[in-house]
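Written below as structure tokens is the structure these notes are about.
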Amino acid sequence: MDSSADSTPKKTKGKLTAERIMNAAEVLFASKGYKGTSLREIAQAAHIQQPGIYKHFDSKRDLYSSVLDRGLSPMIEAMRERTTNSDSASGYAALWEKITDLLAEHPSMASLFQQALHAGGDDDNLLIHDWLQRLFTQGQNTITALGIDENMEPEEQAIHLIATFNLVTGYFLSQQIYDTLATGKLTDPDNIARQKKLMRRIATALQDT
């Protein structure tokens, strides 16, 4: 047997079930909101009985927290990694591409972001508001480390971050617009490649201004 074969441990049945639950929950939370989504609906979408959710998650809030952590922790880590890149222009463009790849894996995150930005500050929204704060703070730290905002006023830096956020996440909210102009899915590999190419051009242009 080839000893160089993939040695990645296979996921257990429990792990696979938990992922299936999170996949279903992610889509439902994005389309109906946290309050508008019931555990019964999540169980139906995941093809399990509702009590089965509690084998993996303590509550709906715990499940929501797990969905956010799975989708957003890699984004924060990607930004942290770019702070050590010696080529600021390359590092910034590559970061945009990496975030695009991460969102392509969990495109419903973009809808969850928009819900949070338009919702109130009640307890149910505090989880994602906290994540957004962490993302924007890390984003600010990253562009500072890359030397991109050296001559920016705080107001200009804030607008820079907001524009970047909207450019990257807005793509995944635009399937309906795309449907009027072309055929296919925005998450198709070829379209993701086109988006990443465009992101690199924009990031490079911003770096040069």
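Each chain in the structure tokens gets a letter, A, B, ..., in the order shown, and its residues are numbered from 1; ligands are numbered from 1 in order too.
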Next item on the list: Show which residues sit within 7 Å of range 141-155 of chain A, as an MDAnalysis selection string. Count only C-alpha atoms, and ignore same-chain residues fewer than 3 positions away.
Entry: chainID A and resid 79:80 82:83 88 137:138 158:159 207
Could you give me, as JSON lines, every range 17-126 of chain A residue with an atom at most 12 Å from range 164-183 of chain A, plus its closest atom pair and distance in Å to one decimal, counting only C-alpha atoms, rows ordered by chain then number?
{"residue": "A:Ala30", "atom": "CA", "partner": "A:Leu173", "partner_atom": "CA", "distance": 10.9}
{"residue": "A:Ser31", "atom": "CA", "partner": "A:Leu173", "partner_atom": "CA", "distance": 11.4}
{"residue": "A:Met75", "atom": "CA", "partner": "A:Phe165", "partner_atom": "CA", "distance": 12.0}
{"residue": "A:Tyr92", "atom": "CA", "partner": "A:Thr164", "partner_atom": "CA", "distance": 10.9}
{"residue": "A:Ala93", "atom": "CA", "partner": "A:Thr164", "partner_atom": "CA", "distance": 11.0}
{"residue": "A:Leu95", "atom": "CA", "partner": "A:Val168", "partner_atom": "CA", "distance": 10.7}
{"residue": "A:Trp96", "atom": "CA", "partner": "A:Val168", "partner_atom": "CA", "distance": 7.2}
{"residue": "A:Glu97", "atom": "CA", "partner": "A:Val168", "partner_atom": "CA", "distance": 8.8}
{"residue": "A:Lys98", "atom": "CA", "partner": "A:Val168", "partner_atom": "CA", "distance": 10.3}
{"residue": "A:Ile99", "atom": "CA", "partner": "A:Val168", "partner_atom": "CA", "distance": 7.6}
{"residue": "A:Thr100", "atom": "CA", "partner": "A:Val168", "partner_atom": "CA", "distance": 6.4}
{"residue": "A:Asp101", "atom": "CA", "partner": "A:Val168", "partner_atom": "CA", "distance": 10.2}
{"residue": "A:Leu102", "atom": "CA", "partner": "A:Val168", "partner_atom": "CA", "distance": 10.7}
{"residue": "A:Leu103", "atom": "CA", "partner": "A:Thr169", "partner_atom": "CA", "distance": 7.7}
{"residue": "A:Ala104", "atom": "CA", "partner": "A:Phe172", "partner_atom": "CA", "distance": 7.9}
{"residue": "A:Glu105", "atom": "CA", "partner": "A:Phe172", "partner_atom": "CA", "distance": 10.9}
{"residue": "A:His106", "atom": "CA", "partner": "A:Phe172", "partner_atom": "CA", "distance": 9.7}
{"residue": "A:Pro107", "atom": "CA", "partner": "A:Phe172", "partner_atom": "CA", "distance": 6.0}
{"residue": "A:Ser108", "atom": "CA", "partner": "A:Phe172", "partner_atom": "CA", "distance": 7.9}
{"residue": "A:Met109", "atom": "CA", "partner": "A:Thr169", "partner_atom": "CA", "distance": 8.4}
{"residue": "A:Ala110", "atom": "CA", "partner": "A:Thr169", "partner_atom": "CA", "distance": 5.3}
{"residue": "A:Ser111", "atom": "CA", "partner": "A:Leu173", "partner_atom": "CA", "distance": 6.8}
{"residue": "A:Leu112", "atom": "CA", "partner": "A:Thr169", "partner_atom": "CA", "distance": 10.4}
{"residue": "A:Phe113", "atom": "CA", "partner": "A:Thr169", "partner_atom": "CA", "distance": 8.4}
{"residue": "A:Gln114", "atom": "CA", "partner": "A:Thr169", "partner_atom": "CA", "distance": 9.1}
{"residue": "A:Gln115", "atom": "CA", "partner": "A:Leu173", "partner_atom": "CA", "distance": 11.8}
{"residue": "A:Leu117", "atom": "CA", "partner": "A:Asn166", "partner_atom": "CA", "distance": 11.7}
Convert the current residue selection to file output with C-alpha atoms, as a short mmCIF file (atom, residue, chain, number, x, y, z; two decimals), in the first residue's frame.
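Below you can see selection05.cif, which holds the result:
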data_model
loop_
_atom_site.label_atom_id
_atom_site.label_comp_id
_atom_site.auth_asym_id
_atom_site.auth_seq_id
_atom_site.Cartn_x
_atom_site.Cartn_y
_atom_site.Cartn_z
CA ALA A 30 -29.36 33.24 6.70
CA SER A 31 -32.77 33.10 5.03
CA MET A 75 -11.40 34.67 8.22
CA TYR A 92 -3.47 42.57 0.73
CA ALA A 93 -4.65 41.26 -2.63
CA LEU A 95 -6.13 38.34 1.61
CA TRP A 96 -9.13 39.44 -0.44
CA GLU A 97 -8.84 36.30 -2.51
CA LYS A 98 -8.57 34.11 0.60
CA ILE A 99 -11.66 35.69 2.16
CA THR A 100 -13.51 35.13 -1.12
CA ASP A 101 -12.54 31.45 -1.02
CA LEU A 102 -13.71 31.15 2.59
CA LEU A 103 -17.04 32.78 1.81
CA ALA A 104 -17.45 30.49 -1.19
CA GLU A 105 -17.36 27.59 1.29
CA HIS A 106 -20.03 29.26 3.44
CA PRO A 107 -21.82 31.78 1.19
CA SER A 108 -24.71 32.18 3.64
CA MET A 109 -22.34 34.08 5.94
CA ALA A 110 -22.81 37.14 3.74
CA SER A 111 -26.56 37.12 4.45
CA LEU A 112 -25.93 36.66 8.16
CA PHE A 113 -23.69 39.75 8.08
CA GLN A 114 -26.38 41.82 6.41
CA GLN A 115 -29.00 40.67 8.89
CA LEU A 117 -26.10 45.15 10.23
#
Checklist line | Interatomic distance (Å, one decimal) between CA of Leu135 in chain A and CA of Glu26 in chain A | finding: 18.6 Å
Margin query: If I take CA of Tyr34 in chain A and CA of Lys15 in chain A, how far is one from the other in Å, to one decimal?
Written below: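 Those two atoms sit 23.0 Å apart.
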